[in-house]
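Here the structure comes first, spelled out in structure tokens, and everything after it is commentary.
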Number of protein chains: 2
Amino acid sequence: MSTLATLTNHQIRLAARPVGTPTRANWSTTTEAVAEPAEGGVLVKTLALSLDPAMRGWMNEGKSYIPPVGIGEVMRAGGIGKVIASKNPAFAVGDVVSAVLGVQEYLLVPQADLKRSSLAKIDLTLGSQTQWLNVLGMPGMTGYFGLMDVGQPKAGETVVVSGAAGAVGQTVGQLARIKGCRAVGIAGGRAKCDWVVKELGFDACIDYKAGPSAVRDGLKEHCPNGVDIYFDNVGGEILDAALARLARGARIIICGAISQYNNTSAVQGPKNYLSLLVNRARMQGIVVFDYADRYPLAVAELAGYLKDGRMKSKEDIVKGLDTFPEALIKLFTGENFGKLVLQVAED
Amino acid sequence: MSTLATLTNHQIRLAARPVGTPTRANWSTTTEAVAEPAEGGVLVKTLALSLDPAMRGWMNEGKSYIPPVGIGEVMRAGGIGKVIASKNPAFAVGDVVSAVLGVQEYLLVPQADLKRSSLAKIDLTLGSQTQWLNVLGMPGMTGYFGLMDVGQPKAGETVVVSGAAGAVGQTVGQLARIKGCRAVGIAGGRAKCDWVVKELGFDACIDYKAGPSAVRDGLKEHCPNGVDIYFDNVGGEILDAALARLARGARIIICGAISQYNNTSAVQGPKNYLSLLVNRARMQGIVVFDYADRYPLAVAELAGYLKDGRMKSKEDIVKGLDTFPEALIKLFTGENFGKLVLQVAED
């Protein structure tokens with residue numbers, strides 16, 4: 001372990017709260033020496049970090065489902081890492097783990113922080129490192145419990161999901177198909193839509209960039225009996241278009257609203273919300289952490305689908321810790337194609 | 001029955017669809033001779049009509065939970081009447097009935113229309129004529145099934161209801177108290193709020209007319225642990241204020257949106273809807289007709305509360321068929337105090 005002293009931890013910290021879309025000016029970089037773990041502690045080297053729309057929310061002040069990242073703190077991020085030093089019998093050097101690592105190269109986890117950092121060994125026979133950030137990670141868990149617990153799909157129903165080529169969306173649509181539903185995606189651009197239909201097997205995918213009435217027209221064409229479940233990752237106009245096409249007794253899962261996260265004015269409320277009344281429908285929010293006790297069951301089920309080929313996954317991998325500020329923006333411009341992952345180290 | 005020939009039926013018909021608040025110009029009046037019922041039919045004389053916010057929606061073109069009233073048709077209205085001629089053994093002259101009577105003095109119900117007109121005898125030992133349009137009628141049923149089935153209140157929870165002095169609101173708040181909840185009303189003006197607290201026994205009532213931050217401040221004061229159930233009759237700013245104060249796992253019942261019905265621009269969507277996500281809350285619409293099979297059970301329960309004094313009711317009675325156009329407007333200006341009833345005949 002004497003080599004640890006030669007290591008430097010590069011970190012990205014929140015320097016200022018953004019107004020609108022985050023820029024380089026919202027971040028600062030720091031370096032720290034890497035310390036050895038004390039009794040019961042573990043030192044983890046970051047391999048890959050999950051970049052998620054939710055990160056934009058964590059940068060804002062104010063009450064939410066999780067405290068904001070403080071000014072000057074290392075930016076919060078979940079990721080996959082490798083144990084490079086351990087004074088805890090539950091973890092051995094070389095173990096691959098998932099944890100809330102933060103946007104940095106190393107995380108020292110004292111024994112007292114094991115639970116708070118969600119440190120857990122992962123089984124690479126169930127899926128690859130990046131799949132553990134995608135379908136077997138938070139996005140997959142969000143899609144699984146959002147669809148199954150909140151949406152309660154029944155075979156034959158029509159499930160619509162926005163951000164269909166994204167991390168949550170790809171899981172939702174494929175899982176809907178596996179459960180006997182029709183799956184209709186909404187994504188940006190022909191390439192994503194083609195992939196969603198041809199590779200993932202969705203029944204249809206609507207390109208929201210194809211014109212101002214593309215989503216309205218597409219939902220009309222592809223959901224002739226209305227929308228039974230709408231899994232919403234985007235909010236804004238697309239949520240309103242889905243509300244306008246609800247079937248009787250529909251369920252809307254509110255998972256996120258990426259179209260609204262960089263607003264400098266108020267969030268755009270769904271002006272068609274009275275469709276909930278007309279159609280006896282419900283709109284319900286989900287926070288994935290509430291289902292932590294059942295992650296292992298969902299991981300086992302989804303890993304089975306990966307193994308038997310009924311489920312595929314796609315990750316969009318960006319390399320280098322220092323590209324974090326620009327990489328994050330790709331989520332909001334829709335440039336990422338698949339689950340966005342920041343590869344920090346190869347090994 | 002030879003006297004029927006001398007009777008004239010005065011009617012109010014929809015002449016033109018309103019833009020914004022309805023005016024006299026949206027209505028026409030007609031008179032028709034009153035005809036005797038054929039075999040199996042019943043002739044009903046209107047005693048009292050229910051005036052409801054939902055009527056504004058029925059005046060609009062377009063798909064909703066019920067077809068719009070057609071141009072030139074007698075305006076739809078539920079009411080209480082008296083059978084004055086019958087060729088149906090199930091109804092005798094003198095029976096008091098509830099039915100979709102329309103805004104007119106007489107309704108001839110052919111046998112084929114008995115079900116469509118919802119013709120049913122009512123028991124005046126359970127409640128007065130006007131109570132049968134209030135707590136024992138559609139508003140009471142809406143409040144009962146909205147609170148109990150959609151809201152699923154648990155003892156100790158905080159239930160907030162807007163339009164608290166109105167027909168639905170008075171039932172919701174009192175029923176919430178009976179079920180062991182705290183009840184907080186929102187109503188317009190000191191007089192209504194005082195009545196809601198002192199007469200109906202709500203724990204508090206917020207006067208939304210008291211100032212621009214009255215609702216926000218009032219919810220903060222009277223719901224220190226957040227809002228577990230919000231029963232919404234109004235929409236707009238008040239819905240947003242309630243969303244901002246939700247407790248974890250809250251339920252919002254969307255019953256109506258009277259603040260939006262006369263809009264000439266788009267409905268104001270709830271810009272705080274992402275509170276559903278943060279608080280794992282749900283927002284769900286209700287249409288009372290879905291619960292028709294269970295009306296008798298709810299009527300029996302509510303009539304019991306009227307009898308033992310745990311529930312009170314208040315009706316605001318306006319007289320004369322020809323006052324209908326102006327009487328209806330009272331709902332949108334908030335001038336009515338209690339369930340608004342149009343008394344068409346005394347007997």
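Ligands are numbered from 1 in the order shown, chains are lettered A, B, ... in the order of the structure tokens, and residues start at 1 in each chain.
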
Task: Check: which chain B residues lie within 6 Å of chain A using only C-alpha atoms, as an NGL selection string - done: :B and (64-65 or 267-271 or 276-278 or 280-286)

Task: Distance query stretch 87-94 of chain B at most 7 Å, only C-alpha atoms, self and fewer than 6 positions along chain excluded, as a ChimeraX atom specification - done: /B:37-42

Could you fit chain A onto chain B by least squares over every C-alpha atom, paired in order, and give me the moved chain as a compact mmCIF listing (two decimals) with C-alpha atoms, in the first residue's frame?
# COMPACT_ATOMS: atom_id res chain seq x y z
CA MET A 1 -105.58 14.17 -16.52
CA SER A 2 -107.55 16.41 -18.77
CA THR A 3 -106.00 19.40 -17.00
CA LEU A 4 -102.60 18.62 -18.48
CA ALA A 5 -103.72 20.16 -21.74
CA THR A 6 -103.87 23.54 -20.02
CA LEU A 7 -100.23 23.41 -18.88
CA THR A 8 -97.36 25.11 -20.68
CA ASN A 9 -93.75 23.98 -20.33
CA HIS A 10 -91.26 26.87 -20.19
CA GLN A 11 -87.78 25.80 -21.22
CA ILE A 12 -84.29 27.25 -21.39
CA ARG A 13 -82.19 26.11 -24.30
CA LEU A 14 -78.56 26.54 -25.25
CA ALA A 15 -78.61 29.06 -28.10
CA ALA A 16 -74.88 29.55 -28.65
CA ARG A 17 -71.67 28.23 -27.13
CA PRO A 18 -70.16 30.80 -24.75
CA VAL A 19 -66.75 32.38 -25.06
CA GLY A 20 -65.68 33.05 -21.49
CA THR A 21 -68.43 33.63 -18.94
CA PRO A 22 -71.92 32.75 -20.26
CA THR A 23 -74.38 35.61 -20.78
CA ARG A 24 -78.10 35.89 -21.58
CA ALA A 25 -77.13 35.75 -25.26
CA ASN A 26 -76.11 32.11 -24.84
CA TRP A 27 -79.69 31.10 -23.99
CA SER A 28 -83.06 31.04 -25.63
CA THR A 29 -86.45 30.42 -24.06
CA THR A 30 -89.18 28.30 -25.59
CA THR A 31 -92.60 27.10 -24.57
CA GLU A 32 -94.23 23.79 -25.43
CA ALA A 33 -97.51 22.18 -24.68
CA VAL A 34 -97.40 19.47 -22.03
CA ALA A 35 -98.34 16.04 -23.34
CA GLU A 36 -99.74 13.04 -21.52
CA PRO A 37 -97.45 10.07 -21.05
CA ALA A 38 -97.94 7.05 -23.27
CA GLU A 39 -98.02 3.51 -21.88
CA GLY A 40 -95.06 3.01 -19.49
CA GLY A 41 -94.22 6.73 -19.40
CA VAL A 42 -94.19 9.30 -16.63
CA LEU A 43 -94.76 13.07 -16.55
CA VAL A 44 -92.71 14.97 -13.98
CA LYS A 45 -93.15 18.54 -12.78
CA THR A 46 -89.86 20.23 -11.86
CA LEU A 47 -89.62 21.44 -8.27
CA ALA A 48 -85.92 22.28 -7.91
CA LEU A 49 -82.85 22.09 -10.15
CA SER A 50 -79.22 21.62 -9.20
CA LEU A 51 -76.90 24.33 -10.53
CA ASP A 52 -73.36 23.00 -10.78
CA PRO A 53 -69.96 24.18 -12.03
CA ALA A 54 -69.91 21.15 -14.34
CA MET A 55 -72.69 22.78 -16.38
CA ARG A 56 -70.14 25.19 -17.81
CA GLY A 57 -68.24 22.24 -19.27
CA TRP A 58 -71.38 20.75 -20.81
CA MET A 59 -71.81 24.00 -22.79
CA ASN A 60 -68.50 23.48 -24.61
CA GLU A 61 -68.06 21.53 -27.80
CA GLY A 62 -65.79 18.54 -27.74
CA LYS A 63 -65.10 15.22 -26.10
CA SER A 64 -65.46 14.99 -22.36
CA TYR A 65 -66.82 12.49 -19.83
CA ILE A 66 -70.35 13.26 -21.10
CA PRO A 67 -71.50 14.59 -24.49
CA PRO A 68 -71.93 18.37 -24.75
CA VAL A 69 -75.42 19.90 -24.77
CA GLY A 70 -76.29 20.51 -28.40
CA ILE A 71 -77.15 23.92 -29.74
CA GLY A 72 -80.93 24.29 -29.52
CA GLU A 73 -81.30 21.58 -26.88
CA VAL A 74 -82.86 22.13 -23.44
CA MET A 75 -79.97 22.73 -21.03
CA ARG A 76 -79.08 19.63 -19.06
CA ALA A 77 -79.74 19.78 -15.31
CA GLY A 78 -80.39 17.29 -12.54
CA GLY A 79 -83.28 18.05 -10.25
CA ILE A 80 -86.11 17.02 -7.99
CA GLY A 81 -89.65 16.78 -9.28
CA LYS A 82 -93.09 15.41 -8.60
CA VAL A 83 -94.90 12.83 -10.69
CA ILE A 84 -98.08 14.46 -11.99
CA ALA A 85 -99.13 11.75 -14.44
CA SER A 86 -98.03 8.16 -14.75
CA LYS A 87 -98.72 5.20 -16.96
CA ASN A 88 -95.96 3.20 -15.27
CA PRO A 89 -96.80 1.02 -12.27
CA ALA A 90 -93.45 1.88 -10.62
CA PHE A 91 -94.42 5.55 -10.27
CA ALA A 92 -97.56 7.04 -8.76
CA VAL A 93 -98.91 10.56 -9.01
CA GLY A 94 -97.45 12.50 -6.08
CA ASP A 95 -94.18 10.56 -5.93
CA VAL A 96 -91.16 12.78 -5.43
CA VAL A 97 -88.35 11.81 -7.78
CA SER A 98 -84.86 12.79 -8.83
CA ALA A 99 -83.98 12.85 -12.52
CA VAL A 100 -82.07 14.62 -15.24
CA LEU A 101 -84.96 17.02 -15.75
CA GLY A 102 -83.31 19.75 -17.79
CA VAL A 103 -83.86 23.45 -17.27
CA GLN A 104 -87.62 23.34 -17.83
CA GLU A 105 -90.86 23.10 -15.91
CA TYR A 106 -91.98 19.65 -17.05
CA LEU A 107 -90.31 16.52 -18.33
CA LEU A 108 -92.17 13.78 -20.13
CA VAL A 109 -90.26 10.53 -19.75
CA PRO A 110 -91.24 7.80 -22.22
CA GLN A 111 -90.62 4.26 -20.97
CA ALA A 112 -87.56 3.93 -23.20
CA ASP A 113 -85.95 6.93 -21.51
CA LEU A 114 -86.49 5.92 -17.88
CA LYS A 115 -82.93 4.77 -17.43
CA ARG A 116 -81.30 7.54 -19.46
CA SER A 117 -83.09 10.18 -17.39
CA SER A 118 -82.04 8.44 -14.13
CA LEU A 119 -85.62 8.68 -12.86
CA ALA A 120 -85.76 7.42 -9.28
CA LYS A 121 -88.06 7.90 -6.30
CA ILE A 122 -86.46 9.62 -3.34
CA ASP A 123 -87.15 9.15 0.35
CA LEU A 124 -87.82 12.49 2.03
CA THR A 125 -87.42 10.94 5.48
CA LEU A 126 -83.67 10.74 4.73
CA GLY A 127 -83.30 14.40 3.82
CA SER A 128 -85.13 17.42 2.46
CA GLN A 129 -85.72 18.06 -1.24
CA THR A 130 -82.76 20.41 -1.42
CA GLN A 131 -80.55 18.04 0.60
CA TRP A 132 -81.33 15.47 -2.09
CA LEU A 133 -79.63 17.89 -4.51
CA ASN A 134 -76.76 18.45 -2.11
CA VAL A 135 -75.30 15.95 0.35
CA LEU A 136 -77.60 13.10 -0.79
CA GLY A 137 -77.29 14.06 -4.46
CA MET A 138 -74.51 14.33 -7.03
CA PRO A 139 -72.32 16.73 -5.00
CA GLY A 140 -72.52 14.50 -1.94
CA MET A 141 -71.78 11.40 -3.98
CA THR A 142 -68.85 13.17 -5.63
CA GLY A 143 -67.44 14.20 -2.26
CA TYR A 144 -68.03 10.78 -0.75
CA PHE A 145 -66.41 8.65 -3.47
CA GLY A 146 -63.71 11.19 -4.25
CA LEU A 147 -62.59 11.33 -0.64
CA MET A 148 -63.13 7.70 0.31
CA ASP A 149 -62.20 5.81 -2.88
CA VAL A 150 -59.62 8.08 -4.47
CA GLY A 151 -58.32 9.84 -1.36
CA GLN A 152 -58.37 6.84 0.99
CA PRO A 153 -58.13 8.93 4.17
CA LYS A 154 -56.48 7.56 7.30
CA ALA A 155 -57.30 8.86 10.76
CA GLY A 156 -54.93 11.64 11.78
CA GLU A 157 -54.24 12.82 8.25
CA THR A 158 -54.77 16.40 7.09
CA VAL A 159 -57.40 16.86 4.38
CA VAL A 160 -57.61 20.18 2.53
CA VAL A 161 -60.60 21.02 0.34
CA SER A 162 -61.17 24.06 -1.86
CA GLY A 163 -64.67 25.39 -2.45
CA ALA A 164 -65.20 24.38 1.17
CA ALA A 165 -68.53 26.17 1.54
CA GLY A 166 -69.80 24.77 -1.75
CA ALA A 167 -71.79 21.62 -2.29
CA VAL A 168 -68.94 19.15 -2.70
CA GLY A 169 -66.63 20.90 -0.25
CA GLN A 170 -68.99 20.87 2.71
CA THR A 171 -69.49 17.12 2.39
CA VAL A 172 -65.77 16.42 1.96
CA GLY A 173 -64.64 18.38 5.01
CA GLN A 174 -67.31 17.07 7.36
CA LEU A 175 -66.78 13.50 6.18
CA ALA A 176 -63.03 13.89 6.67
CA ARG A 177 -63.68 14.95 10.28
CA ILE A 178 -66.03 12.00 10.83
CA LYS A 179 -63.28 9.68 9.56
CA GLY A 180 -60.82 11.09 12.11
CA CYS A 181 -58.91 13.49 9.86
CA ARG A 182 -58.09 17.16 10.32
CA ALA A 183 -60.12 19.21 7.84
CA VAL A 184 -58.86 22.50 6.44
CA GLY A 185 -61.12 24.39 4.06
CA ILE A 186 -60.38 27.07 1.48
CA ALA A 187 -63.27 29.45 0.71
CA GLY A 188 -63.88 33.02 -0.43
CA GLY A 189 -64.63 35.59 2.25
CA ARG A 190 -64.80 35.78 6.02
CA ALA A 191 -68.48 34.82 6.28
CA LYS A 192 -68.02 31.50 4.47
CA CYS A 193 -64.87 30.68 6.38
CA ASP A 194 -66.53 31.42 9.72
CA TRP A 195 -69.47 29.21 8.82
CA VAL A 196 -67.22 26.37 7.69
CA VAL A 197 -65.35 26.40 11.00
CA LYS A 198 -68.14 27.29 13.45
CA GLU A 199 -71.07 25.47 11.90
CA LEU A 200 -69.46 22.59 10.04
CA GLY A 201 -66.63 22.03 12.51
CA PHE A 202 -63.66 22.20 10.13
CA ASP A 203 -60.38 22.67 12.03
CA ALA A 204 -59.58 25.78 9.98
CA CYS A 205 -60.63 27.62 6.85
CA ILE A 206 -58.44 29.83 4.68
CA ASP A 207 -59.98 32.90 3.02
CA TYR A 208 -58.40 32.97 -0.42
CA LYS A 209 -59.65 36.51 -0.93
CA ALA A 210 -57.66 37.80 2.04
CA GLY A 211 -54.55 38.58 -0.01
CA PRO A 212 -52.21 37.23 -2.67
CA SER A 213 -50.31 34.98 -0.25
CA ALA A 214 -53.30 34.04 1.91
CA VAL A 215 -53.53 30.44 0.69
CA ARG A 216 -49.78 29.80 0.80
CA ASP A 217 -49.51 31.29 4.29
CA GLY A 218 -52.68 29.60 5.51
CA LEU A 219 -51.58 26.15 4.35
CA LYS A 220 -48.24 26.67 6.06
CA GLU A 221 -49.96 27.65 9.30
CA HIS A 222 -52.75 25.07 9.33
CA CYS A 223 -50.91 22.11 7.76
CA PRO A 224 -47.62 22.07 9.67
CA ASN A 225 -47.02 18.44 8.67
CA GLY A 226 -48.07 19.00 5.07
CA VAL A 227 -51.20 18.13 3.12
CA ASP A 228 -52.04 14.41 2.99
CA ILE A 229 -55.14 14.78 0.84
CA TYR A 230 -56.09 17.76 -1.30
CA PHE A 231 -59.56 17.66 -2.81
CA ASP A 232 -59.48 20.17 -5.66
CA ASN A 233 -62.57 21.88 -7.00
CA VAL A 234 -60.89 25.02 -8.30
CA GLY A 235 -57.52 24.50 -10.05
CA GLY A 236 -55.27 27.47 -10.85
CA GLU A 237 -53.16 29.17 -8.19
CA ILE A 238 -54.81 27.34 -5.31
CA LEU A 239 -53.90 23.95 -6.77
CA ASP A 240 -50.31 25.16 -7.10
CA ALA A 241 -50.27 26.33 -3.49
CA ALA A 242 -51.51 22.92 -2.32
CA LEU A 243 -48.91 21.12 -4.47
CA ALA A 244 -46.21 23.17 -2.78
CA ARG A 245 -47.26 21.85 0.64
CA LEU A 246 -47.77 18.13 -0.03
CA ALA A 247 -46.80 15.56 2.55
CA ARG A 248 -44.97 12.40 1.50
CA GLY A 249 -47.42 10.04 -0.22
CA ALA A 250 -50.14 12.68 -0.68
CA ARG A 251 -53.22 12.17 -2.82
CA ILE A 252 -54.82 14.94 -4.88
CA ILE A 253 -58.36 14.40 -6.08
CA ILE A 254 -59.13 16.33 -9.26
CA CYS A 255 -62.86 16.98 -9.11
CA GLY A 256 -63.04 20.22 -11.03
CA ALA A 257 -61.31 23.49 -11.85
CA ILE A 258 -63.88 26.25 -11.55
CA SER A 259 -61.19 28.95 -11.77
CA GLN A 260 -60.45 27.79 -15.32
CA TYR A 261 -63.87 27.07 -16.81
CA ASN A 262 -64.46 30.52 -18.26
CA ASN A 263 -60.91 30.96 -19.58
CA THR A 264 -60.69 32.23 -23.10
CA SER A 265 -57.05 31.12 -23.27
CA ALA A 266 -55.51 27.77 -22.32
CA VAL A 267 -56.07 26.19 -18.93
CA GLN A 268 -53.36 27.10 -16.43
CA GLY A 269 -51.46 23.88 -15.79
CA PRO A 270 -50.14 23.22 -12.29
CA LYS A 271 -46.55 24.48 -12.50
CA ASN A 272 -45.71 22.77 -9.18
CA TYR A 273 -46.64 19.33 -10.51
CA LEU A 274 -43.10 18.04 -9.94
CA SER A 275 -44.00 18.07 -6.26
CA LEU A 276 -45.73 14.78 -7.16
CA LEU A 277 -42.26 13.36 -7.83
CA VAL A 278 -40.51 14.84 -4.80
CA ASN A 279 -43.31 13.64 -2.51
CA ARG A 280 -44.21 10.36 -4.23
CA ALA A 281 -47.70 11.76 -4.51
CA ARG A 282 -50.54 11.07 -6.91
CA MET A 283 -53.12 13.23 -8.63
CA GLN A 284 -56.22 11.45 -9.82
CA GLY A 285 -59.46 12.45 -11.49
CA ILE A 286 -62.93 11.38 -10.46
CA VAL A 287 -66.22 11.19 -12.37
CA VAL A 288 -69.05 10.42 -10.00
CA PHE A 289 -71.13 8.40 -12.47
CA ASP A 290 -68.59 5.56 -12.20
CA TYR A 291 -69.88 4.90 -8.67
CA ALA A 292 -73.60 4.77 -9.49
CA ASP A 293 -73.92 1.17 -8.26
CA ARG A 294 -72.82 2.28 -4.80
CA TYR A 295 -74.89 5.49 -4.47
CA PRO A 296 -77.46 3.79 -2.20
CA LEU A 297 -74.78 2.77 0.29
CA ALA A 298 -73.30 6.25 0.37
CA VAL A 299 -76.74 7.87 0.68
CA ALA A 300 -77.57 5.62 3.63
CA GLU A 301 -74.31 6.47 5.38
CA LEU A 302 -74.58 10.23 4.78
CA ALA A 303 -78.28 10.31 5.74
CA GLY A 304 -77.26 8.72 9.02
CA TYR A 305 -74.83 11.57 9.69
CA LEU A 306 -77.54 14.14 8.85
CA LYS A 307 -79.87 12.40 11.28
CA ASP A 308 -77.43 12.16 14.18
CA GLY A 309 -76.29 15.74 13.62
CA ARG A 310 -72.69 14.97 12.71
CA MET A 311 -73.27 16.44 9.27
CA LYS A 312 -74.97 19.68 8.33
CA SER A 313 -75.81 21.12 4.95
CA LYS A 314 -76.54 24.51 3.50
CA GLU A 315 -78.30 25.32 0.27
CA ASP A 316 -78.45 28.70 -1.45
CA ILE A 317 -81.87 28.81 -3.08
CA VAL A 318 -82.67 31.06 -6.04
CA LYS A 319 -86.25 31.20 -7.29
CA GLY A 320 -87.77 31.14 -10.73
CA LEU A 321 -86.86 29.30 -13.94
CA ASP A 322 -86.23 32.58 -15.77
CA THR A 323 -83.45 33.58 -13.36
CA PHE A 324 -81.37 30.59 -14.52
CA PRO A 325 -78.83 32.54 -16.65
CA GLU A 326 -77.91 34.92 -13.81
CA ALA A 327 -78.15 32.28 -11.10
CA LEU A 328 -75.61 30.08 -12.89
CA ILE A 329 -73.06 32.92 -12.95
CA LYS A 330 -73.11 33.09 -9.14
CA LEU A 331 -71.09 29.86 -9.12
CA PHE A 332 -68.24 31.45 -11.04
CA THR A 333 -68.14 34.69 -9.08
CA GLY A 334 -68.36 32.72 -5.84
CA GLU A 335 -71.53 34.59 -4.80
CA ASN A 336 -73.39 31.42 -3.83
CA PHE A 337 -73.15 30.41 -0.19
CA GLY A 338 -73.81 26.69 0.01
CA LYS A 339 -75.16 24.37 -2.65
CA LEU A 340 -76.82 26.47 -5.37
CA VAL A 341 -80.41 25.38 -6.09
CA LEU A 342 -82.90 26.84 -8.53
CA GLN A 343 -86.40 26.51 -7.07
CA VAL A 344 -88.74 26.25 -10.06
CA ALA A 345 -92.01 25.43 -8.26
CA GLU A 346 -92.99 25.11 -4.63
CA ASP A 347 -95.18 22.10 -4.98

Task: Residue list (strand (DSSP E or B), DSSP) for stretch 124-337 of chain B, as a PyMOL selection string - done: chain B and resi 158-162+182-187+204-207+227-232+246-254+282-285+315-319
